[in-house]
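Structure file upload07.pdb with PDB, C-alpha atoms and all ligand atoms:
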```pdb
MODEL        1
ATOM      1  CA  MET A   9       0.000   0.000   0.000
ATOM      2  CA  ILE A  10       1.278   3.444  -0.893
ATOM      3  CA  ARG A  11       1.399   5.593   2.242
ATOM      4  CA  GLU A  12       1.625   9.326   2.745
ATOM      5  CA  ILE A  13       5.121  10.739   3.205
ATOM      6  CA  ILE A  14       5.364  13.353   5.925
ATOM      7  CA  THR A  15       7.332  16.462   5.054
ATOM      8  CA  TYR A  16       9.330  19.151   6.822
ATOM      9  CA  PRO A  17       8.531  20.770   9.278
ATOM     10  CA  ASN A  18       6.338  17.907  10.605
ATOM     11  CA  LYS A  19       7.578  17.321  14.186
ATOM     12  CA  LEU A  20       7.476  13.554  13.820
ATOM     13  CA  LEU A  21      10.598  13.825  11.653
ATOM     14  CA  LYS A  22      12.477  14.888  14.800
ATOM     15  CA  VAL A  23      11.472  11.803  16.766
ATOM     16  CA  LYS A  24      14.182   9.249  17.533
ATOM     17  CA  SER A  25      13.073   5.919  16.084
ATOM     18  CA  LYS A  26      12.730   2.788  18.223
ATOM     19  CA  LYS A  27      14.542  -0.502  17.864
ATOM     20  CA  VAL A  28      12.619  -3.342  16.215
ATOM     21  CA  GLU A  29      12.328  -6.327  18.559
ATOM     22  CA  CYS A  30       9.855  -8.528  16.741
ATOM     23  CA  PHE A  31      10.378  -9.488  13.071
ATOM     24  CA  ASP A  32       6.761 -10.324  12.379
ATOM     25  CA  GLN A  33       4.195  -9.887   9.609
ATOM     26  CA  GLU A  34       3.551  -6.310  10.719
ATOM     27  CA  ILE A  35       7.185  -5.404   9.994
ATOM     28  CA  HIS A  36       7.069  -7.227   6.655
ATOM     29  CA  THR A  37       3.937  -5.290   5.638
ATOM     30  CA  LEU A  38       5.576  -2.041   6.731
ATOM     31  CA  LEU A  39       8.671  -2.847   4.610
ATOM     32  CA  ASP A  40       6.455  -3.615   1.599
ATOM     33  CA  ASP A  41       4.514  -0.367   2.092
ATOM     34  CA  MET A  42       7.782   1.558   2.360
ATOM     35  CA  TYR A  43       8.996   0.075  -0.926
ATOM     36  CA  GLU A  44       5.769   0.877  -2.791
ATOM     37  CA  THR A  45       5.712   4.401  -1.352
ATOM     38  CA  MET A  46       9.367   5.079  -2.206
ATOM     39  CA  ILE A  47       9.007   3.808  -5.783
ATOM     40  CA  SER A  48       5.816   5.847  -6.303
ATOM     41  CA  LYS A  49       7.826   8.993  -5.516
ATOM     42  CA  ASN A  50      10.926   7.972  -7.521
ATOM     43  CA  GLY A  51      13.014   7.843  -4.355
ATOM     44  CA  ILE A  52      16.165   5.773  -3.777
ATOM     45  CA  GLY A  53      15.829   5.578   0.003
ATOM     46  CA  LEU A  54      13.224   5.852   2.729
ATOM     47  CA  ALA A  55      13.134   5.601   6.510
ATOM     48  CA  SER A  56       9.961   4.307   8.170
ATOM     49  CA  VAL A  57       9.540   7.497  10.204
ATOM     50  CA  GLN A  58       8.893   9.260   6.889
ATOM     51  CA  ILE A  59       5.611   7.368   6.613
ATOM     52  CA  GLY A  60       4.822   8.048  10.250
ATOM     53  CA  GLU A  61       6.305   4.912  11.866
ATOM     54  CA  PRO A  62       9.307   5.849  14.029
ATOM     55  CA  LEU A  63      11.057   2.475  13.966
ATOM     56  CA  ASP A  64      14.700   1.656  13.181
ATOM     57  CA  ILE A  65      13.896   0.651   9.615
ATOM     58  CA  LEU A  66      15.205   1.988   6.326
ATOM     59  CA  ILE A  67      15.289   0.848   2.736
ATOM     60  CA  ILE A  68      17.647   1.749  -0.101
ATOM     61  CA  ASN A  69      17.259   0.858  -3.755
ATOM     62  CA  LEU A  70      19.932   2.366  -5.976
ATOM     63  CA  PRO A  71      19.708   2.279  -9.759
ATOM     64  CA  ASN A  72      22.113  -0.221 -11.365
ATOM     65  CA  LYS A  73      24.757   0.441 -14.042
ATOM     66  CA  ASP A  74      22.037   0.661 -16.719
ATOM     67  CA  ASP A  75      20.220   3.246 -14.574
ATOM     68  CA  LYS A  76      17.433   0.760 -13.835
ATOM     69  CA  GLN A  77      15.973   0.539 -10.338
ATOM     70  CA  LEU A  78      15.388  -3.172  -9.844
ATOM     71  CA  LYS A  79      13.673  -4.665  -6.808
ATOM     72  CA  GLU A  80      16.375  -7.353  -6.640
ATOM     73  CA  ASP A  81      18.798  -4.568  -5.649
ATOM     74  CA  LEU A  82      16.565  -3.441  -2.771
ATOM     75  CA  VAL A  83      18.310  -3.416   0.600
ATOM     76  CA  GLU A  84      16.086  -3.665   3.670
ATOM     77  CA  VAL A  85      17.803  -2.490   6.836
ATOM     78  CA  ILE A  86      16.563  -2.951  10.391
ATOM     79  CA  ASN A  87      18.321  -1.743  13.559
ATOM     80  CA  PRO A  88      21.367  -0.362  11.707
ATOM     81  CA  LYS A  89      24.653   0.555  13.336
ATOM     82  CA  ILE A  90      27.495   2.353  11.593
ATOM     83  CA  ILE A  91      30.598   0.711  13.040
ATOM     84  CA  GLN A  92      33.385   2.426  11.108
ATOM     85  CA  THR A  93      33.727   5.262   8.622
ATOM     86  CA  LYS A  94      36.531   6.363   6.291
ATOM     87  CA  GLY A  95      37.161   9.347   4.059
ATOM     88  CA  THR A  96      34.802  12.105   3.011
ATOM     89  CA  THR A  97      32.734  12.750  -0.072
ATOM     90  CA  LEU A  98      30.452  15.526  -1.267
ATOM     91  CA  TYR A  99      27.119  14.758  -2.906
ATOM     92  CA  THR A 100      24.043  16.766  -3.840
ATOM     93  CA  GLU A 101      21.354  15.198  -1.681
ATOM     94  CA  GLY A 102      17.604  15.357  -1.749
ATOM     95  CA  CYS A 103      14.933  13.905   0.522
ATOM     96  CA  LEU A 104      11.322  12.828  -0.016
ATOM     97  CA  SER A 105      10.453  14.710   3.198
ATOM     98  CA  VAL A 106      11.995  17.918   1.812
ATOM     99  CA  PRO A 107      10.670  17.646  -1.751
ATOM    100  CA  GLU A 108      12.316  19.521  -4.603
ATOM    101  CA  TYR A 109      15.209  20.814  -2.505
ATOM    102  CA  TYR A 110      18.758  19.691  -3.220
ATOM    103  CA  GLU A 111      22.012  20.683  -1.594
ATOM    104  CA  ASP A 112      25.589  19.453  -1.233
ATOM    105  CA  VAL A 113      26.275  17.468   1.922
ATOM    106  CA  GLU A 114      29.590  16.067   3.133
ATOM    107  CA  ARG A 115      29.610  12.504   4.452
ATOM    108  CA  ALA A 116      31.946   9.563   4.957
ATOM    109  CA  GLN A 117      32.931   7.910   1.660
ATOM    110  CA  TRP A 118      33.121   4.405   3.128
ATOM    111  CA  ILE A 119      31.270   2.777   6.008
ATOM    112  CA  GLU A 120      31.133  -0.556   7.747
ATOM    113  CA  VAL A 121      27.649  -1.329   9.014
ATOM    114  CA  GLU A 122      25.770  -3.939  10.942
ATOM    115  CA  TYR A 123      22.018  -4.456  10.684
ATOM    116  CA  GLN A 124      19.285  -7.052  10.605
ATOM    117  CA  ASP A 125      17.234  -8.186   7.628
ATOM    118  CA  ARG A 126      13.440  -8.655   7.637
ATOM    119  CA  ASP A 127      13.826 -12.025   9.353
ATOM    120  CA  GLY A 128      16.169 -10.741  12.042
ATOM    121  CA  ASN A 129      19.379 -12.208  10.590
ATOM    122  CA  LEU A 130      22.455 -10.178  11.497
ATOM    123  CA  ILE A 131      24.308  -8.732   8.504
ATOM    124  CA  ASN A 132      27.730  -7.094   8.410
ATOM    125  CA  CYS A 133      28.508  -5.096   5.286
ATOM    126  CA  GLU A 134      30.835  -2.513   3.789
ATOM    127  CA  TYR A 135      29.488   0.221   1.529
ATOM    128  CA  ASP A 136      31.068   3.065  -0.388
ATOM    129  CA  ASP A 137      30.071   6.061  -2.502
ATOM    130  CA  LEU A 138      26.331   6.505  -3.165
ATOM    131  CA  MET A 139      25.318   3.459  -1.113
ATOM    132  CA  ALA A 140      27.326   4.767   1.857
ATOM    133  CA  ILE A 141      25.855   8.245   1.386
ATOM    134  CA  ALA A 142      22.283   6.961   1.206
ATOM    135  CA  PHE A 143      22.834   4.727   4.238
ATOM    136  CA  GLN A 144      24.112   7.642   6.317
ATOM    137  CA  HIS A 145      21.258   9.895   5.110
ATOM    138  CA  GLU A 146      18.635   7.307   6.134
ATOM    139  CA  CYS A 147      20.348   6.577   9.476
ATOM    140  CA  ASP A 148      20.095  10.294  10.251
ATOM    141  CA  HIS A 149      16.317  10.007   9.857
ATOM    142  CA  LEU A 150      16.291   7.326  12.569
ATOM    143  CA  ASN A 151      18.044   9.832  14.850
ATOM    144  CA  GLY A 152      15.453  12.481  14.057
ATOM    145  CA  GLU A 153      17.753  14.441  11.771
ATOM    146  CA  LEU A 154      17.316  15.788   8.259
ATOM    147  CA  PHE A 155      20.070  16.604   5.764
ATOM    148  CA  ILE A 156      19.150  20.287   5.906
ATOM    149  CA  GLU A 157      20.536  20.309   9.455
ATOM    150  CA  LYS A 158      23.998  19.786   7.938
ATOM    151  CA  LEU A 159      23.844  22.997   5.914
ATOM    152  CA  SER A 160      25.875  26.070   6.746
ATOM    153  CA  TYR A 161      24.100  28.804   8.701
ATOM    154  CA  LEU A 162      23.594  30.970   5.622
ATOM    155  CA  LYS A 163      22.382  28.152   3.399
ATOM    156  CA  ARG A 164      19.971  27.037   6.105
ATOM    157  CA  LYS A 165      18.594  30.564   6.467
ATOM    158  CA  LYS A 166      18.073  30.784   2.729
ATOM    159  CA  PHE A 167      16.372  27.390   2.739
ATOM    160  CA  GLU A 168      13.984  28.351   5.558
ATOM    161  CA  LYS A 169      12.977  31.506   3.707
ATOM    162  CA  GLU A 170      12.360  29.652   0.441
ATOM    163  CA  TRP A 171      10.559  26.818   2.203
ATOM    164  CA  LYS A 172       8.152  29.153   4.001
ATOM    165  CA  LYS A 173       7.329  30.780   0.687
ATOM    166  CA  LYS A 174       6.781  27.393  -0.913
ATOM    167  CA  ILE A 175       4.463  26.141   1.849
ATOM    168  CA  LYS A 176       2.466  29.382   1.726
ATOM    169  CA  GLY A 177       2.109  29.069  -2.019
ATOM    170  CA  LYS A 178       0.613  25.589  -1.656
ATOM    171  CA  LYS A 179      -2.092  26.642   0.818
TER     172      LYS A 179
HETATM  173 ZN    ZN B   1      15.558  11.677   3.594
ENDMDL
END
```
What does the file become when written as structure tokens?
Amino acid sequence: MIREIITYPNKLLKVKSKKVECFDQEIHTLLDDMYETMISKNGIGLASVQIGEPLDILIINLPNKDDKQLKEDLVEVINPKIIQTKGTTLYTEGCLSVPEYYEDVERAQWIEVEYQDRDGNLINCEYDDLMAIAFQHECDHLNGELFIEKLSYLKRKKFEKEWKKKIKGKK
């Protein structure tokens, strides 16, 4: 089922998500809803809090070399932990909860992570480049943080001004 994505400045986006203890049908349905919702908005990543469920769940589905977004490349991540990071990289990020806004953000270029899959199996993985960037972006959501909080003071001020205008225009 496609769910509604909450957008900035909805206060729920600031909530710290809770650890998943039970890997049951409810979680599987939530993961499926997240996938459908993300694809419907042409996103490459989504945290469950973005559809109003503050749980330690995120999904990432990067396009492959042929620029095709295949479900077989979907990564479902539950209770993630970033264990190690290396290097830095700059990438122009966007977010389904801050639609149509893009800005450069600096993040680690390489990460080692640990998480659980939909059945609770523990997975240890290393990611780099866009996968590492997306993983860090989604993990921030679980901590109640958005990428706009990483902007410089001036860029953030400019964003807030533009965003207010945009929200007013939609009413
Ligand atoms: Zn986001």
> Which of these, A:Val85, A:Ala140, A:Cys147, A:Leu39, has the shortest distance to ligand ZN 1 (chain B) once you count all atoms listed in the file?
Replying inline: A:Cys147
List the neighbours of stretch 157-170 of chain A out to 9 Å using all atoms listed in the file; skip same-chain residues closer than 6 positions along the sequence, and give me the result as a PDB file with C-alpha atoms, keeping the file's coordinate frame.
```pdb
ATOM      1  CA  TYR A 109      15.209  20.814  -2.505  1.00  0.00           C
ATOM      2  CA  GLU A 111      22.012  20.683  -1.594  1.00  0.00           C
ATOM      3  CA  ASP A 112      25.589  19.453  -1.233  1.00  0.00           C
ATOM      4  CA  VAL A 113      26.275  17.468   1.922  1.00  0.00           C
ATOM      5  CA  GLU A 114      29.590  16.067   3.133  1.00  0.00           C
TER       6      GLU A 114
END
```
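With all atoms listed in the file as the atoms that count, the residue of A:Gly53, A:Pro107, A:Pro88, A:Gly102 with the shortest distance to A:Thr15 is A:Pro107.
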>> Just want the 8 Å neighbourhood of stretch 90-98 of chain A, counted on all atoms listed in the file, with same-chain residues fewer than 2 positions away dropped. Output as a PyMOL selection string.
In response: chain A and resi 88+100+112-122+137
> Quick one: residues within 6 Å of ligand ZN 1 (chain B), with all atoms listed in the file, as a PyMOL selection string?
Replying inline: chain A and resi 103-105+146
>> Can you spell out as a PyMOL selection string the set of residues that the PyMOL selection byres (((chain A and resi 19-32) around 12) and not hetatm) selects in the structure I just provided?
In response: chain A and resi 13-18+33-39+55-66+85-89+103-106+123-129+146-155+157
Centre, edges in Å (one decimal): axis-aligned box, stretch 154-173 of chain A, 5 Å padding on all six sides, as JSON:
```
{"center_x": 16.6, "center_y": 23.6, "center_z": 4.9, "size_x": 28.5, "size_y": 25.7, "size_z": 19.0}
```
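Proximity of A:Lys178, A:Tyr99, A:Ile68, A:Phe143 to A:Ile47, computed with only C-alpha atoms, is greatest for A:Ile68.
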>> When you count all atoms listed in the file, which of these residues is closest to A:Glu101: A:Ile52, A:Cys133, A:Met46, A:Leu78?
In response: A:Ile52
> Any idea what the distance is between atom CA of A:Lys76 and atom CA of A:Asp41?
Replying inline: 20.5 Å
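The space between atom CA of A:Leu54 and atom CA of A:Met42 spans 6.9 Å.
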